[in-house]
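Heads up, the thing below is written out as structure tokens.
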Amino acid sequence: MKVVVNFDLCESNAVCMGIAPEVFEVRDDDFLYILNEDPGPELHDKVRESAERCPKQAITLEES
Amino acid sequence: MPEAGHHPGGELRRIAIVGASLAGVHAAQTLRRREFDGEIVLVGDEPDTPYDRPPLSKGFLAGSTDEDRLLLRPTADPDALDLDRRLGRRAIALAHDTTTGASAVSLDDGAVVEADGLVVATGARLRTLPATDGVAGVFGLRTLADARSLRAALDEGPDRVVVVGFGFIGAEVAATVRERGIDVTIVEAADQPLARVLDPDSGAAIAAVHRDHGVDVRLGATVESFDTADGRLAGVQLSDGSRIEASVAVVGIGVIPNTEWLTGTSLTVDNGLVLDESTLAAPGVVGAGDVARWPNQGVGGALVRIEQWDNAVEMGGVAADRLLSWAAGVDGEPYAPIPWFWSDQYDRKYQLAGLSGPEYEVVQGGLDEERFVVLYRTAQGAPCGVLCGNRPRQAIVARQLLAAGAGLDEFHDRLS
């Protein structure tokens, strides 16, 4: 699974960080950082939930 | 409280989801993800392909977000999720068999949708002012159709827009309209803005931001009359004797849950469809989203409706799962989310995790600054909510602390 964030859409609501802190981090500069672009299977459910609950629908998952 | 309780289970061949917005769409997506291979009928009273509402008061109204960007992803493709879509159709009545859990939903085109399981996700509609009936130039903002009409009116370049109601929707509309270069007056009946949701000081701070952007904020004032000329709005007469010339008004004074179609059933309707703590309303019936009211242990077990985006997404999925577990004869688990929402106004992003409370303190920044964090406590002193201004990271941390039942010291450590 590859995690892609459309940074033109992202507004750093940080919902993704709340669900999958192993993959997403909003830092004190208010920008979102992807910590792991290719998360392992144990994180897939969390990453999918992050994508679904992103208020800007800015996260896309490329399932391999 | 509904006594839906334990049930021997039953086969779900067809599920009706009534309400085709966020909660309903996510219920459908969850059912398919769980490999439910029966029929799903998705009923929605708006003709448009299911779309996302938050941009309606922001990017869409500003003109920077096009309609095709509003579509909800799970249903954007017409064939997605293999749904029998009945869009532009309103549910007008329900017959429900409390023994089997079966439902029959009557639609306004005369069709009857029979189903073994029902998801009630009919949302809410705008509260309106009787005095505005039939007055051209007075708008509400809930649906895409509302937003199209309001955007078209703004495109005509009115000199001033009056926003009635300083809630979050009113505040967002005011900010977007102001950023389009149009003068704005906000009229609010209460003595403080956002009084239903925030403390007086935070409300005043947000009002100050609007005033800094040139918005005319009138608190403690109500509209006496909407004056017309040639059938169009010409001005608004206020209770304090003043008059505001304006050709456009936007009324944002709250919503009413859409439950009329449930009248005459054994379902409990009281300011929403009342559910048990697992989202079950009755055998074979679950609820989700703005229409749902349930004892939420995430806020101390009070019966609440949560009119929030994130809740609609999560609760749609939870309700779908609960319908499946009901059918399997399995007891449900409490759905106990910590409320959370965001509101974008100008360059500010406000987020509230949990609920406000009678005691509050600023734990980071200041209310007159761009960035701040306010911690709310109950009368007993327990942390119950956190308001963040341009501090999204802290809002999510606060939500997790609330969910974990953390003590005051930990909130101070993590948020200051």
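Chain identifiers are assigned as A, B, and so on, following the order in which chains appear in the structure tokens; residues are numbered from 1 within each chain, and ligands are numbered from 1 in order of appearance.
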9 Å contact set for region 14-25 of chain A, only C-alpha atoms, chain neighbours under 6 positions out, as a PyMOL selection string:
(chain A and resi 3+31-39+43+46-47+49-51+53-55+59) or (chain B and resi 392-393+395-397+399-400)
Which residues are near Glu370 (chain B)? Cut-off 9 Å, only C-alpha atoms, ignore same chain within fewer than 4 positions. Put them as an mmCIF file with C-alpha atoms, in the first residue's frame.
```
data_model
loop_
_atom_site.group_PDB
_atom_site.id
_atom_site.type_symbol
_atom_site.label_atom_id
_atom_site.label_comp_id
_atom_site.auth_asym_id
_atom_site.auth_seq_id
_atom_site.Cartn_x
_atom_site.Cartn_y
_atom_site.Cartn_z
ATOM 1 C CA ASP B 347 -6.972 32.322 8.124
ATOM 2 C CA ARG B 348 -8.194 30.755 11.344
ATOM 3 C CA GLY B 365 -1.207 31.452 23.611
ATOM 4 C CA GLY B 366 -3.895 34.063 24.160
ATOM 5 C CA GLY B 389 -7.292 28.225 17.451
ATOM 6 C CA ASN B 390 -4.840 27.329 14.685
#
```
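The space between CA of Thr263 (chain B) and CA of Asp331 (chain B) spans 27.1 Å.
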Excluding region 146-153 of chain B and any residue of its chain fewer than 4 positions from it, enumerate the residues within 8 Å of it, using only C-alpha atoms, and give them as a short mmCIF file (atom, residue, chain, number, x, y, z; two decimals) with C-alpha atoms, in the first residue's frame.
```cif
data_model
loop_
_atom_site.label_atom_id
_atom_site.label_comp_id
_atom_site.auth_asym_id
_atom_site.auth_seq_id
_atom_site.Cartn_x
_atom_site.Cartn_y
_atom_site.Cartn_z
CA LEU B 56 -20.55 24.65 0.77
CA SER B 57 -19.95 27.48 3.26
CA PHE B 60 -17.79 26.37 -2.96
CA LEU B 61 -19.31 29.67 -1.83
CA ALA B 62 -16.02 31.45 -2.46
CA GLY B 63 -16.03 30.11 -6.01
CA GLY B 137 -32.98 37.24 -1.45
CA PHE B 139 -31.29 32.12 1.85
CA GLY B 140 -30.38 29.21 4.08
CA LEU B 141 -27.34 27.00 3.63
CA ARG B 142 -27.63 23.27 4.07
CA GLY B 157 -22.42 41.62 -6.34
CA PRO B 158 -24.72 42.76 -3.54
CA VAL B 248 -29.23 39.31 0.50
#
```
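Each of B:Gln380, B:Ser356, B:Ser416, B:Ser242 was compared to Asp201 (chain B) using only C-alpha atoms, and B:Ser356 turns out to be the nearest.
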Distance table requested - chain B against chain A, cut-off 12 Å, only C-alpha atoms: one row per qualifying residue with the closest atom pair and its distance in Å to one decimal, ordered by chain and rising residue number, as CSV.
```
residue,atom,partner,partner_atom,distance
B:Leu22,CA,A:Arg53,CA,10.7
B:Ala23,CA,A:Arg53,CA,11.7
B:Val25,CA,A:Glu52,CA,11.4
B:His26,CA,A:Glu52,CA,8.9
B:Gln29,CA,A:Glu52,CA,10.3
B:Thr30,CA,A:Glu52,CA,10.9
B:Arg33,CA,A:Asp45,CA,11.5
B:Tyr51,CA,A:Gln57,CA,11.7
B:Asp52,CA,A:Pro55,CA,9.1
B:Arg53,CA,A:Pro55,CA,10.3
B:Pro54,CA,A:Pro55,CA,8.4
B:Pro55,CA,A:Lys56,CA,9.0
B:Gly59,CA,A:Leu9,CA,11.0
B:Ser64,CA,A:Leu9,CA,11.9
B:Thr65,CA,A:Leu9,CA,10.6
B:Arg69,CA,A:Gln57,CA,9.8
B:Leu70,CA,A:Lys56,CA,9.7
B:Leu71,CA,A:Gln57,CA,10.0
B:Leu72,CA,A:Gln57,CA,8.5
B:Arg73,CA,A:Gln57,CA,7.8
B:Pro74,CA,A:Glu52,CA,9.0
B:Gln308,CA,A:Pro55,CA,10.9
B:Trp309,CA,A:Pro55,CA,7.7
B:Asp310,CA,A:Arg53,CA,6.5
B:Asn311,CA,A:Arg53,CA,9.4
B:Ala312,CA,A:Arg53,CA,9.8
B:Val313,CA,A:Arg53,CA,6.7
B:Glu314,CA,A:Arg53,CA,7.7
B:Met315,CA,A:Arg53,CA,11.3
B:Gly316,CA,A:Arg53,CA,11.6
B:Gly317,CA,A:Glu49,CA,10.6
B:Trp340,CA,A:Val15,CA,9.7
B:Phe341,CA,A:Asn13,CA,9.4
B:Trp342,CA,A:Asn13,CA,7.7
B:Ser343,CA,A:Asn13,CA,10.1
B:Asp344,CA,A:Glu11,CA,9.7
B:Asp347,CA,A:Glu11,CA,11.2
B:Arg348,CA,A:Glu11,CA,11.1
B:Lys349,CA,A:Asn13,CA,8.6
B:Tyr350,CA,A:Asn13,CA,9.8
B:Gln351,CA,A:Asn13,CA,8.5
B:Leu352,CA,A:Asn13,CA,11.4
B:Ala353,CA,A:Val15,CA,11.5
B:Arg371,CA,A:Asp30,CA,11.1
B:Cys388,CA,A:Asn13,CA,11.2
B:Gly389,CA,A:Asn13,CA,11.6
B:Asn390,CA,A:Asp30,CA,8.1
B:Arg391,CA,A:Asp30,CA,7.4
B:Pro392,CA,A:Asn13,CA,5.5
B:Arg393,CA,A:Val26,CA,5.9
B:Gln394,CA,A:Ala14,CA,9.0
B:Ala395,CA,A:Ala14,CA,8.2
B:Ile396,CA,A:Gly18,CA,5.8
B:Val397,CA,A:Gly18,CA,7.2
B:Ala398,CA,A:Gly18,CA,9.9
B:Arg399,CA,A:Gly18,CA,8.4
B:Gln400,CA,A:Gly18,CA,7.4
B:Leu401,CA,A:Gly18,CA,10.9
B:Ala403,CA,A:Gly18,CA,11.4
B:Leu415,CA,A:Asp28,CA,11.8
```
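Take CA of Asp45 (chain A) and CA of Glu63 (chain A): the distance between them is 11.9 Å.
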Proximity to Ile244 (chain B) - best of B:Ala208, B:Ala320, B:Ala175, B:Val164, only C-alpha atoms:
B:Val164
Please, which residues of chain A, numbered as in this document, come out helix (DSSP H, G or I) from DSSP, as a ChimeraX atom specification?
/A:15-19,41-52
Just list the residues in region 52-277 of chain B DSSP gives strand (DSSP E or B) on the backbone, as number ranges by chain.
B: 71, 84-87, 91-96, 103-107, 112-115, 117-120, 124-126, 136, 138-139, 160-164, 183-188, 216-219, 223-229, 232-238, 243-245, 248-251, 255-257, 269, 273-274
Please identify all polymer residues within 9 Å of Val362 (chain B), counting only C-alpha atoms, omitting same-chain residues fewer than 5 positions from it, and present them as a PyMOL selection string.
chain B and resi 367+372-376
Deliver the residues from the most recent selection as a file, using all heavy atoms, as an mmCIF file, in the first residue's frame.
```
data_model
loop_
_atom_site.group_PDB
_atom_site.id
_atom_site.type_symbol
_atom_site.label_atom_id
_atom_site.label_comp_id
_atom_site.auth_asym_id
_atom_site.auth_seq_id
_atom_site.Cartn_x
_atom_site.Cartn_y
_atom_site.Cartn_z
ATOM 1 N N LEU B 367 -6.235 34.512 23.775
ATOM 2 C CA LEU B 367 -7.430 34.600 22.934
ATOM 3 C C LEU B 367 -7.336 35.727 21.908
ATOM 4 O O LEU B 367 -8.058 35.713 20.910
ATOM 5 C CB LEU B 367 -8.680 34.782 23.805
ATOM 6 C CG LEU B 367 -9.116 33.542 24.593
ATOM 7 C CD1 LEU B 367 -10.328 33.862 25.453
ATOM 8 C CD2 LEU B 367 -9.422 32.387 23.649
ATOM 9 N N PHE B 372 -4.122 29.637 20.011
ATOM 10 C CA PHE B 372 -4.426 29.482 21.441
ATOM 11 C C PHE B 372 -5.049 28.124 21.687
ATOM 12 O O PHE B 372 -5.526 27.457 20.770
ATOM 13 C CB PHE B 372 -5.373 30.598 21.920
ATOM 14 C CG PHE B 372 -6.722 30.581 21.255
ATOM 15 C CD1 PHE B 372 -7.730 29.737 21.706
ATOM 16 C CD2 PHE B 372 -6.980 31.403 20.160
ATOM 17 C CE1 PHE B 372 -8.965 29.717 21.080
ATOM 18 C CE2 PHE B 372 -8.222 31.387 19.539
ATOM 19 C CZ PHE B 372 -9.211 30.543 19.999
ATOM 20 N N VAL B 373 -4.999 27.722 22.944
ATOM 21 C CA VAL B 373 -5.655 26.496 23.375
ATOM 22 C C VAL B 373 -6.406 26.811 24.664
ATOM 23 O O VAL B 373 -5.829 27.366 25.608
ATOM 24 C CB VAL B 373 -4.632 25.360 23.633
ATOM 25 C CG1 VAL B 373 -5.344 24.102 24.128
ATOM 26 C CG2 VAL B 373 -3.824 25.049 22.363
ATOM 27 N N VAL B 374 -7.713 26.496 24.671
ATOM 28 C CA VAL B 374 -8.552 26.704 25.856
ATOM 29 C C VAL B 374 -8.975 25.338 26.385
ATOM 30 O O VAL B 374 -9.454 24.497 25.625
ATOM 31 C CB VAL B 374 -9.816 27.527 25.514
ATOM 32 C CG1 VAL B 374 -10.739 27.630 26.728
ATOM 33 C CG2 VAL B 374 -9.434 28.910 25.018
ATOM 34 N N LEU B 375 -8.782 25.136 27.681
ATOM 35 C CA LEU B 375 -9.188 23.879 28.317
ATOM 36 C C LEU B 375 -10.464 24.117 29.119
ATOM 37 O O LEU B 375 -10.525 25.036 29.944
ATOM 38 C CB LEU B 375 -8.053 23.393 29.237
ATOM 39 C CG LEU B 375 -8.352 22.170 30.112
ATOM 40 C CD1 LEU B 375 -8.684 20.944 29.270
ATOM 41 C CD2 LEU B 375 -7.162 21.883 31.034
ATOM 42 N N TYR B 376 -11.471 23.283 28.866
ATOM 43 C CA TYR B 376 -12.741 23.381 29.590
ATOM 44 C C TYR B 376 -12.828 22.310 30.678
ATOM 45 O O TYR B 376 -12.361 21.190 30.478
ATOM 46 C CB TYR B 376 -13.922 23.190 28.634
ATOM 47 C CG TYR B 376 -14.085 24.291 27.625
ATOM 48 C CD1 TYR B 376 -13.693 24.107 26.304
ATOM 49 C CD2 TYR B 376 -14.634 25.511 28.000
ATOM 50 C CE1 TYR B 376 -13.844 25.117 25.373
ATOM 51 C CE2 TYR B 376 -14.787 26.526 27.070
ATOM 52 C CZ TYR B 376 -14.391 26.320 25.758
ATOM 53 O OH TYR B 376 -14.542 27.321 24.846
#
```
